[in-house]
Amino acid sequence: MLKIENLHAEIDGKQILNGLTLEVGAGEVHAIMGPNGAGKSTLGYVLGGRPGYEVTQGSVTFNGQDLLELEPHERAAAGMFLGFQYPVEIPGVSFAQFLREAVNAQRKGRGEEALSGGEFLKLAKEKAGLLRLDMDMLKRPVNVGFSGGEKKRAEMVQMGILDPSFAVLDETDSGLDIDALRIVGEGINAIMRAPDKAVLLITHYQRLLDYVKPDVVHVLAKGRIVKTGGPELALELEEQGYEAVV
């Protein structure tokens with residue numbers, strides 16, 4: 001589904017990714033772990049098409065398409081979703097309106113009919129239920145006044161509504177307490193665990209992987225993958241630290 005070959009990327013002239021190669025198949029969950037400054041978030045931003053991140057070498061294909069040739073909104077319409085470590089606030093725009101505009105923009109890009117108000121509300125209620133998020137939260141401005149856990153749960157509701165085929169989740173466990181971590185983990189499984197979908201989890205810690213079981217774990221250091229293994233590799237990293245394992 002996603003194939004990255006020899007990817008080099010920089011920002012403001014500083015090289016961050018240094019020959020990263022990775023392949024994620026349909027139905028798989030891959031975890032990317034690594035120390036601060038390894039390039040984990042940069043990888044997510046490059047895949048999402050964030051401005052300022054320049055690919056200097058290598059290729060990325062997504063379902064047979066050249067991902068790097070697509071604009072961010074085209075990547076989203078093609079089925080790519082990027083979950084942020086720090087979801088942004090948008091004062092003055094209700095979450096429900098934001099989500100309805102987002103999903104209908106993607107449907108338009110795929111040549112599909114827009115959801116009616118009733119269809120959207122039914123879908124939003126279903127996905128909010130998965131994350132145990134009160135529908136009243138969706139009436140509020142986007143993320144304004146939300147706790148860290150509420151922001152992450154709301155973002156997973158957004159993922160459920162957009163229904164991507166590939167999700168890049170950048171430190172989704174950041175700022176979550178024990179209960180919220182379990183709810184978010186269960187939500188990811190309910191939304192993305194399917195034969196025709198795949199997930200790339202970017203995380204510092206093993207704790208999210210207790211709920212979202214990875215098929216493969218990669219260690220990223222100095223902009224490239226230096227070690228790959230099964231779920232036991234995450235436990236090894238947790239016990240010994242990155243320096244010992246790398």
# chains A, B, ... in the order shown; residues from 1 in each chain; ligands from 1
$ closest_atom_pairs --of "region 146-224 of chain A" --to "region 9-16 of chain A" --cutoff "12 Å" --atoms "only C-alpha atoms" --output "tab-separated table"
residue	atom	partner	partner_atom	distance
A:Leu220	CA	A:Ile16	CA	11.3
A:Ala221	CA	A:Ile16	CA	10.1
A:Lys222	CA	A:Ile16	CA	7.3
A:Gly223	CA	A:Ile16	CA	5.5
A:Arg224	CA	A:Ile16	CA	9.1
$ write_last_selection --atoms "N, CA and C atoms" --output "JSON list (two decimals), in the first residue's frame"
[["chain", "number", "residue", "atom", "x", "y", "z"],
["A", 220, "LEU", "N", 13.80, 4.15, 14.37],
["A", 220, "LEU", "CA", 14.31, 5.23, 13.52],
["A", 220, "LEU", "C", 15.37, 6.00, 14.29],
["A", 221, "ALA", "N", 16.52, 6.19, 13.68],
["A", 221, "ALA", "CA", 17.60, 6.96, 14.31],
["A", 221, "ALA", "C", 18.38, 7.68, 13.23],
["A", 222, "LYS", "N", 18.63, 8.96, 13.46],
["A", 222, "LYS", "CA", 19.39, 9.79, 12.52],
["A", 222, "LYS", "C", 18.81, 9.73, 11.11],
["A", 223, "GLY", "N", 17.47, 9.71, 11.04],
["A", 223, "GLY", "CA", 16.81, 9.84, 9.76],
["A", 223, "GLY", "C", 16.68, 8.59, 8.93],
["A", 224, "ARG", "N", 16.97, 7.44, 9.52],
["A", 224, "ARG", "CA", 16.81, 6.20, 8.76],
["A", 224, "ARG", "C", 16.44, 5.06, 9.71]]
$ residues_around --residues "region 19-23 of chain A" --least-positions-apart "2" --cutoff "8 Å" --atoms "only C-alpha atoms" --output "ChimeraX atom specification"
/A:1-8,17,25,58,223-225
$ select_by_dssp --residues "region 4-134 of chain A" --states "strand (DSSP E)" --output "ChimeraX atom specification"
/A:4-11,14-24,29-33,53-62,65-66,80-83,90-94
$ residues_around --residues "Asp66 (chain A)" --least-positions-apart "6" --cutoff "10 Å" --atoms "only C-alpha atoms" --output "ChimeraX atom specification"
/A:3,59-60,75
$ write_last_selection --atoms "N, CA and C atoms" --output "PDB file, in the first residue's frame"
ATOM      1  N   LYS A   3       4.934   2.515  -0.109  1.00  0.00           N
ATOM      2  CA  LYS A   3       6.314   2.089  -0.335  1.00  0.00           C
ATOM      3  C   LYS A   3       7.226   3.311  -0.380  1.00  0.00           C
ATOM      4  N   SER A  59      11.741   8.174  -3.255  1.00  0.00           N
ATOM      5  CA  SER A  59      10.379   8.126  -3.786  1.00  0.00           C
ATOM      6  C   SER A  59       9.414   7.582  -2.741  1.00  0.00           C
ATOM      7  N   VAL A  60       8.134   7.954  -2.909  1.00  0.00           N
ATOM      8  CA  VAL A  60       7.057   7.423  -2.074  1.00  0.00           C
ATOM      9  C   VAL A  60       5.883   7.108  -2.984  1.00  0.00           C
ATOM     10  N   ARG A  75      -3.788  14.119  -1.526  1.00  0.00           N
ATOM     11  CA  ARG A  75      -3.363  12.953  -0.734  1.00  0.00           C
ATOM     12  C   ARG A  75      -4.494  12.514   0.194  1.00  0.00           C
TER      13      ARG A  75
END
$ residues_around --residues "Gly49 (chain A)" --least-positions-apart "4" --cutoff "9 Å" --atoms "only C-alpha atoms" --output "list in words"
Gly44, Tyr45, Tyr53, Leu67, Leu68, Leu70, Glu71, Pro72, His73 and Arg75 of chain A
$ residues_around --residues "region 114-129 of chain A" --least-positions-apart "4" --cutoff "7 Å" --atoms "only C-alpha atoms" --output "PyMOL selection string"
chain A and resi 100+104+107-108+133-135+157+160-161
$ write_last_selection --atoms "N, CA and C atoms" --output "short mmCIF file (atom, residue, chain, number, x, y, z; two decimals), in the first residue's frame"
data_model
loop_
_atom_site.label_atom_id
_atom_site.label_comp_id
_atom_site.auth_asym_id
_atom_site.auth_seq_id
_atom_site.Cartn_x
_atom_site.Cartn_y
_atom_site.Cartn_z
N ARG A 100 -17.91 18.26 8.54
CA ARG A 100 -18.80 18.07 7.38
C ARG A 100 -18.16 18.63 6.12
N ASN A 104 -17.04 16.20 2.92
CA ASN A 104 -17.67 16.46 1.63
C ASN A 104 -16.66 16.95 0.59
N ARG A 107 -15.11 13.77 -0.59
CA ARG A 107 -16.05 13.04 -1.45
C ARG A 107 -16.13 13.69 -2.84
N LYS A 108 -16.12 15.01 -2.86
CA LYS A 108 -16.14 15.72 -4.14
C LYS A 108 -14.90 15.39 -4.95
N LEU A 133 -17.14 10.21 22.90
CA LEU A 133 -17.10 11.67 22.86
C LEU A 133 -18.53 12.18 22.76
N ASP A 134 -18.91 13.06 23.69
CA ASP A 134 -20.26 13.63 23.69
C ASP A 134 -20.47 14.46 22.43
N MET A 135 -21.62 14.28 21.78
CA MET A 135 -21.91 15.03 20.56
C MET A 135 -21.90 16.54 20.80
N VAL A 157 -12.24 10.78 16.04
CA VAL A 157 -13.58 10.89 15.45
C VAL A 157 -13.46 11.41 14.02
N GLY A 160 -12.41 8.68 11.83
CA GLY A 160 -13.51 7.77 11.55
C GLY A 160 -14.46 8.30 10.50
N ILE A 161 -14.73 9.60 10.55
CA ILE A 161 -15.64 10.21 9.59
C ILE A 161 -15.02 10.25 8.19
#
$ select_by_dssp --residues "region 9-196 of chain A" --states "alpha helix (DSSP H)" --output "VMD selection string"
chain A and resid 40 to 48 72 to 77 95 to 109 117 to 130 148 to 162 178 to 192
$ write_last_selection --atoms "C-alpha atoms" --output "mmCIF file, in the first residue's frame"
data_model
loop_
_atom_site.group_PDB
_atom_site.id
_atom_site.type_symbol
_atom_site.label_atom_id
_atom_site.label_comp_id
_atom_site.auth_asym_id
_atom_site.auth_seq_id
_atom_site.Cartn_x
_atom_site.Cartn_y
_atom_site.Cartn_z
ATOM 1 C CA LYS A 40 9.735 10.560 13.220
ATOM 2 C CA SER A 41 7.507 13.630 12.958
ATOM 3 C CA THR A 42 9.339 14.755 9.813
ATOM 4 C CA LEU A 43 8.395 11.464 8.183
ATOM 5 C CA GLY A 44 4.745 12.128 9.004
ATOM 6 C CA TYR A 45 4.898 15.684 7.697
ATOM 7 C CA VAL A 46 6.542 14.574 4.443
ATOM 8 C CA LEU A 47 3.863 11.939 3.885
ATOM 9 C CA GLY A 48 1.129 14.472 4.633
ATOM 10 C CA PRO A 72 -2.005 17.707 0.507
ATOM 11 C CA HIS A 73 -5.744 17.777 -0.289
ATOM 12 C CA GLU A 74 -5.204 15.292 -3.116
ATOM 13 C CA ARG A 75 -3.363 12.953 -0.734
ATOM 14 C CA ALA A 76 -6.290 13.188 1.666
ATOM 15 C CA ALA A 77 -8.799 12.441 -1.096
ATOM 16 C CA PHE A 95 -16.157 21.020 14.930
ATOM 17 C CA ALA A 96 -19.289 19.622 13.278
ATOM 18 C CA GLN A 97 -19.137 22.162 10.456
ATOM 19 C CA PHE A 98 -15.403 21.603 10.025
ATOM 20 C CA LEU A 99 -15.866 17.840 9.785
ATOM 21 C CA ARG A 100 -18.797 18.067 7.383
ATOM 22 C CA GLU A 101 -16.882 20.401 5.064
ATOM 23 C CA ALA A 102 -13.821 18.135 5.243
ATOM 24 C CA VAL A 103 -15.628 14.896 4.432
ATOM 25 C CA ASN A 104 -17.672 16.462 1.626
ATOM 26 C CA ALA A 105 -14.552 18.058 0.122
ATOM 27 C CA GLN A 106 -12.930 14.637 0.009
ATOM 28 C CA ARG A 107 -16.051 13.039 -1.454
ATOM 29 C CA LYS A 108 -16.143 15.723 -4.139
ATOM 30 C CA GLY A 109 -12.492 15.026 -4.952
ATOM 31 C CA GLY A 117 -27.042 17.081 6.986
ATOM 32 C CA GLY A 118 -28.910 14.058 8.300
ATOM 33 C CA GLU A 119 -26.429 11.572 6.820
ATOM 34 C CA PHE A 120 -23.516 13.459 8.300
ATOM 35 C CA LEU A 121 -25.048 13.672 11.779
ATOM 36 C CA LYS A 122 -25.760 9.935 11.761
ATOM 37 C CA LEU A 123 -22.147 9.213 10.774
ATOM 38 C CA ALA A 124 -20.731 11.683 13.318
ATOM 39 C CA LYS A 125 -22.834 10.186 16.121
ATOM 40 C CA GLU A 126 -21.630 6.680 15.254
ATOM 41 C CA LYS A 127 -17.946 7.638 15.234
ATOM 42 C CA ALA A 128 -18.212 9.835 18.337
ATOM 43 C CA GLY A 129 -19.729 6.845 20.125
ATOM 44 C CA LEU A 130 -16.663 4.757 19.328
ATOM 45 C CA GLY A 148 -5.274 16.950 25.627
ATOM 46 C CA GLY A 149 -7.269 13.730 25.777
ATOM 47 C CA GLU A 150 -10.360 15.336 24.258
ATOM 48 C CA LYS A 151 -8.315 16.707 21.364
ATOM 49 C CA LYS A 152 -6.942 13.264 20.557
ATOM 50 C CA ARG A 153 -10.336 11.596 20.852
ATOM 51 C CA ALA A 154 -11.874 14.289 18.628
ATOM 52 C CA GLU A 155 -9.125 13.723 16.082
ATOM 53 C CA MET A 156 -9.906 10.000 16.036
ATOM 54 C CA VAL A 157 -13.579 10.886 15.451
ATOM 55 C CA GLN A 158 -12.371 12.948 12.490
ATOM 56 C CA MET A 159 -10.414 9.947 11.221
ATOM 57 C CA GLY A 160 -13.505 7.766 11.550
ATOM 58 C CA ILE A 161 -15.640 10.207 9.586
ATOM 59 C CA LEU A 162 -13.071 10.669 6.814
ATOM 60 C CA ILE A 178 -4.762 5.674 31.238
ATOM 61 C CA ASP A 179 -8.489 5.649 30.437
ATOM 62 C CA ALA A 180 -8.177 7.934 27.407
ATOM 63 C CA LEU A 181 -5.292 5.829 26.087
ATOM 64 C CA ARG A 182 -7.468 2.718 26.169
ATOM 65 C CA ILE A 183 -10.412 4.499 24.506
ATOM 66 C CA VAL A 184 -8.228 5.945 21.756
ATOM 67 C CA GLY A 185 -6.532 2.595 21.190
ATOM 68 C CA GLU A 186 -9.891 0.839 20.901
ATOM 69 C CA GLY A 187 -11.067 3.573 18.520
ATOM 70 C CA ILE A 188 -8.064 3.124 16.251
ATOM 71 C CA ASN A 189 -8.702 -0.615 16.125
ATOM 72 C CA ALA A 190 -12.408 -0.157 15.349
ATOM 73 C CA ILE A 191 -11.756 2.381 12.576
ATOM 74 C CA MET A 192 -8.547 1.155 10.956
#
$ residues_around --residues "Lys197 (chain A)" --least-positions-apart "5" --cutoff "10 Å" --atoms "only C-alpha atoms" --output "list in words"
Met1, Gly25, Ala26, Gly27, Glu28, Val29, Gly79, Asp163, Pro164, Ser165, Phe166, Ala167, Ile191 and Met192 of chain A
$ write_last_selection --atoms "N, CA and C atoms" --output "PDB file, in the first residue's frame"
ATOM      1  N   MET A   1       0.824  -1.211   0.000  1.00  0.00           N
ATOM      2  CA  MET A   1       0.000   0.000   0.000  1.00  0.00           C
ATOM      3  C   MET A   1       0.862   1.266   0.000  1.00  0.00           C
ATOM      4  N   GLY A  25       2.124  -2.909   4.019  1.00  0.00           N
ATOM      5  CA  GLY A  25       1.110  -3.557   3.216  1.00  0.00           C
ATOM      6  C   GLY A  25      -0.292  -3.368   3.770  1.00  0.00           C
ATOM      7  N   ALA A  26      -1.293  -3.617   2.949  1.00  0.00           N
ATOM      8  CA  ALA A  26      -2.687  -3.517   3.383  1.00  0.00           C
ATOM      9  C   ALA A  26      -2.935  -4.496   4.529  1.00  0.00           C
ATOM     10  N   GLY A  27      -3.721  -4.047   5.502  1.00  0.00           N
ATOM     11  CA  GLY A  27      -4.046  -4.879   6.653  1.00  0.00           C
ATOM     12  C   GLY A  27      -3.006  -4.878   7.744  1.00  0.00           C
ATOM     13  N   GLU A  28      -1.952  -4.076   7.589  1.00  0.00           N
ATOM     14  CA  GLU A  28      -0.846  -4.086   8.552  1.00  0.00           C
ATOM     15  C   GLU A  28      -0.820  -2.829   9.418  1.00  0.00           C
ATOM     16  N   VAL A  29      -0.308  -3.002  10.617  1.00  0.00           N
ATOM     17  CA  VAL A  29      -0.010  -1.880  11.507  1.00  0.00           C
ATOM     18  C   VAL A  29       1.493  -1.895  11.770  1.00  0.00           C
ATOM     19  N   GLY A  79      -6.929   8.950   0.265  1.00  0.00           N
ATOM     20  CA  GLY A  79      -7.064   8.030   1.394  1.00  0.00           C
ATOM     21  C   GLY A  79      -6.008   8.153   2.465  1.00  0.00           C
ATOM     22  N   ASP A 163     -12.695   8.276   7.090  1.00  0.00           N
ATOM     23  CA  ASP A 163     -12.539   6.879   6.660  1.00  0.00           C
ATOM     24  C   ASP A 163     -11.376   6.694   5.683  1.00  0.00           C
ATOM     25  N   PRO A 164     -10.143   7.026   6.107  1.00  0.00           N
ATOM     26  CA  PRO A 164      -8.996   6.869   5.214  1.00  0.00           C
ATOM     27  C   PRO A 164      -8.615   5.397   5.048  1.00  0.00           C
ATOM     28  N   SER A 165      -7.834   5.120   4.029  1.00  0.00           N
ATOM     29  CA  SER A 165      -7.308   3.766   3.871  1.00  0.00           C
ATOM     30  C   SER A 165      -5.940   3.635   4.531  1.00  0.00           C
ATOM     31  N   PHE A 166      -5.279   4.770   4.781  1.00  0.00           N
ATOM     32  CA  PHE A 166      -3.960   4.742   5.424  1.00  0.00           C
ATOM     33  C   PHE A 166      -3.873   5.895   6.416  1.00  0.00           C
ATOM     34  N   ALA A 167      -3.526   5.587   7.659  1.00  0.00           N
ATOM     35  CA  ALA A 167      -3.418   6.610   8.699  1.00  0.00           C
ATOM     36  C   ALA A 167      -1.994   6.677   9.226  1.00  0.00           C
ATOM     37  N   ILE A 191     -11.699   1.608  13.816  1.00  0.00           N
ATOM     38  CA  ILE A 191     -11.756   2.381  12.576  1.00  0.00           C
ATOM     39  C   ILE A 191     -10.800   1.847  11.504  1.00  0.00           C
ATOM     40  N   MET A 192      -9.607   1.420  11.932  1.00  0.00           N
ATOM     41  CA  MET A 192      -8.547   1.155  10.956  1.00  0.00           C
ATOM     42  C   MET A 192      -8.135  -0.312  10.821  1.00  0.00           C
TER      43      MET A 192
END
$ atom_distance --atom1 "CA of Leu209 (chain A)" --atom2 "CA of Gly241 (chain A)"
16.2 Å
$ closest_residue --among "A:His30, A:Thr56, A:Val93, A:Arg140" --to "Val212 (chain A)" --atoms "only C-alpha atoms"
A:His30
$ decode --residues "region 65-97 of chain A" --atoms "N, CA and C atoms" --output "PDB file, in the first residue's frame"
ATOM      1  N   GLN A  65       0.314   5.251  -6.760  1.00  0.00           N
ATOM      2  CA  GLN A  65       0.470   6.653  -7.158  1.00  0.00           C
ATOM      3  C   GLN A  65       1.763   7.232  -6.586  1.00  0.00           C
ATOM      4  N   ASP A  66       2.316   8.214  -7.289  1.00  0.00           N
ATOM      5  CA  ASP A  66       3.457   8.957  -6.781  1.00  0.00           C
ATOM      6  C   ASP A  66       2.936   9.961  -5.757  1.00  0.00           C
ATOM      7  N   LEU A  67       3.075   9.637  -4.486  1.00  0.00           N
ATOM      8  CA  LEU A  67       2.499  10.470  -3.429  1.00  0.00           C
ATOM      9  C   LEU A  67       3.099  11.872  -3.429  1.00  0.00           C
ATOM     10  N   LEU A  68       4.372  11.985  -3.736  1.00  0.00           N
ATOM     11  CA  LEU A  68       5.065  13.269  -3.646  1.00  0.00           C
ATOM     12  C   LEU A  68       4.612  14.252  -4.715  1.00  0.00           C
ATOM     13  N   GLU A  69       3.940  13.746  -5.762  1.00  0.00           N
ATOM     14  CA  GLU A  69       3.436  14.626  -6.811  1.00  0.00           C
ATOM     15  C   GLU A  69       2.055  15.184  -6.480  1.00  0.00           C
ATOM     16  N   LEU A  70       1.438  14.703  -5.415  1.00  0.00           N
ATOM     17  CA  LEU A  70       0.092  15.123  -5.052  1.00  0.00           C
ATOM     18  C   LEU A  70       0.121  16.265  -4.037  1.00  0.00           C
ATOM     19  N   GLU A  71      -0.821  17.183  -4.163  1.00  0.00           N
ATOM     20  CA  GLU A  71      -1.001  18.234  -3.162  1.00  0.00           C
ATOM     21  C   GLU A  71      -1.609  17.618  -1.895  1.00  0.00           C
ATOM     22  N   PRO A  72      -1.471  18.288  -0.739  1.00  0.00           N
ATOM     23  CA  PRO A  72      -2.005  17.707   0.507  1.00  0.00           C
ATOM     24  C   PRO A  72      -3.471  17.293   0.412  1.00  0.00           C
ATOM     25  N   HIS A  73      -4.321  18.136  -0.209  1.00  0.00           N
ATOM     26  CA  HIS A  73      -5.744  17.777  -0.289  1.00  0.00           C
ATOM     27  C   HIS A  73      -5.964  16.591  -1.226  1.00  0.00           C
ATOM     28  N   GLU A  74      -5.092  16.433  -2.215  1.00  0.00           N
ATOM     29  CA  GLU A  74      -5.204  15.292  -3.116  1.00  0.00           C
ATOM     30  C   GLU A  74      -4.773  14.007  -2.399  1.00  0.00           C
ATOM     31  N   ARG A  75      -3.788  14.119  -1.526  1.00  0.00           N
ATOM     32  CA  ARG A  75      -3.363  12.953  -0.734  1.00  0.00           C
ATOM     33  C   ARG A  75      -4.494  12.514   0.194  1.00  0.00           C
ATOM     34  N   ALA A  76      -5.168  13.505   0.781  1.00  0.00           N
ATOM     35  CA  ALA A  76      -6.290  13.188   1.666  1.00  0.00           C
ATOM     36  C   ALA A  76      -7.415  12.503   0.889  1.00  0.00           C
ATOM     37  N   ALA A  77      -7.742  13.029  -0.272  1.00  0.00           N
ATOM     38  CA  ALA A  77      -8.799  12.441  -1.096  1.00  0.00           C
ATOM     39  C   ALA A  77      -8.433  11.034  -1.556  1.00  0.00           C
ATOM     40  N   ALA A  78      -7.130  10.790  -1.707  1.00  0.00           N
ATOM     41  CA  ALA A  78      -6.663   9.464  -2.126  1.00  0.00           C
ATOM     42  C   ALA A  78      -6.703   8.453  -0.985  1.00  0.00           C
ATOM     43  N   GLY A  79      -6.929   8.950   0.265  1.00  0.00           N
ATOM     44  CA  GLY A  79      -7.064   8.030   1.394  1.00  0.00           C
ATOM     45  C   GLY A  79      -6.008   8.153   2.465  1.00  0.00           C
ATOM     46  N   MET A  80      -5.187   9.208   2.415  1.00  0.00           N
ATOM     47  CA  MET A  80      -4.143   9.410   3.414  1.00  0.00           C
ATOM     48  C   MET A  80      -4.656  10.304   4.544  1.00  0.00           C
ATOM     49  N   PHE A  81      -4.396   9.916   5.782  1.00  0.00           N
ATOM     50  CA  PHE A  81      -4.790  10.714   6.946  1.00  0.00           C
ATOM     51  C   PHE A  81      -3.572  10.910   7.836  1.00  0.00           C
ATOM     52  N   LEU A  82      -3.346  12.158   8.286  1.00  0.00           N
ATOM     53  CA  LEU A  82      -2.249  12.470   9.189  1.00  0.00           C
ATOM     54  C   LEU A  82      -2.815  12.983  10.496  1.00  0.00           C
ATOM     55  N   GLY A  83      -2.555  12.247  11.569  1.00  0.00           N
ATOM     56  CA  GLY A  83      -2.953  12.678  12.903  1.00  0.00           C
ATOM     57  C   GLY A  83      -1.797  13.406  13.561  1.00  0.00           C
ATOM     58  N   PHE A  84      -2.066  14.596  14.106  1.00  0.00           N
ATOM     59  CA  PHE A  84      -1.008  15.448  14.635  1.00  0.00           C
ATOM     60  C   PHE A  84      -0.724  15.190  16.113  1.00  0.00           C
ATOM     61  N   GLN A  85       0.531  15.408  16.488  1.00  0.00           N
ATOM     62  CA  GLN A  85       0.895  15.304  17.896  1.00  0.00           C
ATOM     63  C   GLN A  85       0.179  16.379  18.705  1.00  0.00           C
ATOM     64  N   TYR A  86       0.050  17.564  18.118  1.00  0.00           N
ATOM     65  CA  TYR A  86      -0.623  18.673  18.791  1.00  0.00           C
ATOM     66  C   TYR A  86      -1.726  19.211  17.863  1.00  0.00           C
ATOM     67  N   PRO A  87      -2.934  18.660  17.924  1.00  0.00           N
ATOM     68  CA  PRO A  87      -4.036  19.147  17.073  1.00  0.00           C
ATOM     69  C   PRO A  87      -4.278  20.633  17.303  1.00  0.00           C
ATOM     70  N   VAL A  88      -4.485  21.366  16.218  1.00  0.00           N
ATOM     71  CA  VAL A  88      -4.609  22.820  16.307  1.00  0.00           C
ATOM     72  C   VAL A  88      -6.016  23.240  16.712  1.00  0.00           C
ATOM     73  N   GLU A  89      -6.119  24.447  17.272  1.00  0.00           N
ATOM     74  CA  GLU A  89      -7.402  25.044  17.613  1.00  0.00           C
ATOM     75  C   GLU A  89      -7.830  25.990  16.485  1.00  0.00           C
ATOM     76  N   ILE A  90      -9.130  26.008  16.191  1.00  0.00           N
ATOM     77  CA  ILE A  90      -9.663  26.919  15.175  1.00  0.00           C
ATOM     78  C   ILE A  90     -10.854  27.653  15.781  1.00  0.00           C
ATOM     79  N   PRO A  91     -10.618  28.777  16.433  1.00  0.00           N
ATOM     80  CA  PRO A  91     -11.715  29.532  17.044  1.00  0.00           C
ATOM     81  C   PRO A  91     -12.727  29.989  15.997  1.00  0.00           C
ATOM     82  N   GLY A  92     -13.999  29.977  16.368  1.00  0.00           N
ATOM     83  CA  GLY A  92     -15.043  30.490  15.493  1.00  0.00           C
ATOM     84  C   GLY A  92     -15.596  29.498  14.497  1.00  0.00           C
ATOM     85  N   VAL A  93     -15.026  28.286  14.451  1.00  0.00           N
ATOM     86  CA  VAL A  93     -15.512  27.256  13.522  1.00  0.00           C
ATOM     87  C   VAL A  93     -15.931  26.043  14.340  1.00  0.00           C
ATOM     88  N   SER A  94     -17.196  25.644  14.250  1.00  0.00           N
ATOM     89  CA  SER A  94     -17.650  24.487  15.025  1.00  0.00           C
ATOM     90  C   SER A  94     -17.029  23.216  14.459  1.00  0.00           C
ATOM     91  N   PHE A  95     -16.773  22.269  15.359  1.00  0.00           N
ATOM     92  CA  PHE A  95     -16.157  21.020  14.930  1.00  0.00           C
ATOM     93  C   PHE A  95     -17.056  20.291  13.936  1.00  0.00           C
ATOM     94  N   ALA A  96     -18.361  20.317  14.179  1.00  0.00           N
ATOM     95  CA  ALA A  96     -19.289  19.622  13.278  1.00  0.00           C
ATOM     96  C   ALA A  96     -19.226  20.204  11.870  1.00  0.00           C
ATOM     97  N   GLN A  97     -19.201  21.534  11.769  1.00  0.00           N
ATOM     98  CA  GLN A  97     -19.137  22.162  10.456  1.00  0.00           C
ATOM     99  C   GLN A  97     -17.809  21.863   9.773  1.00  0.00           C
TER     100      GLN A  97
END
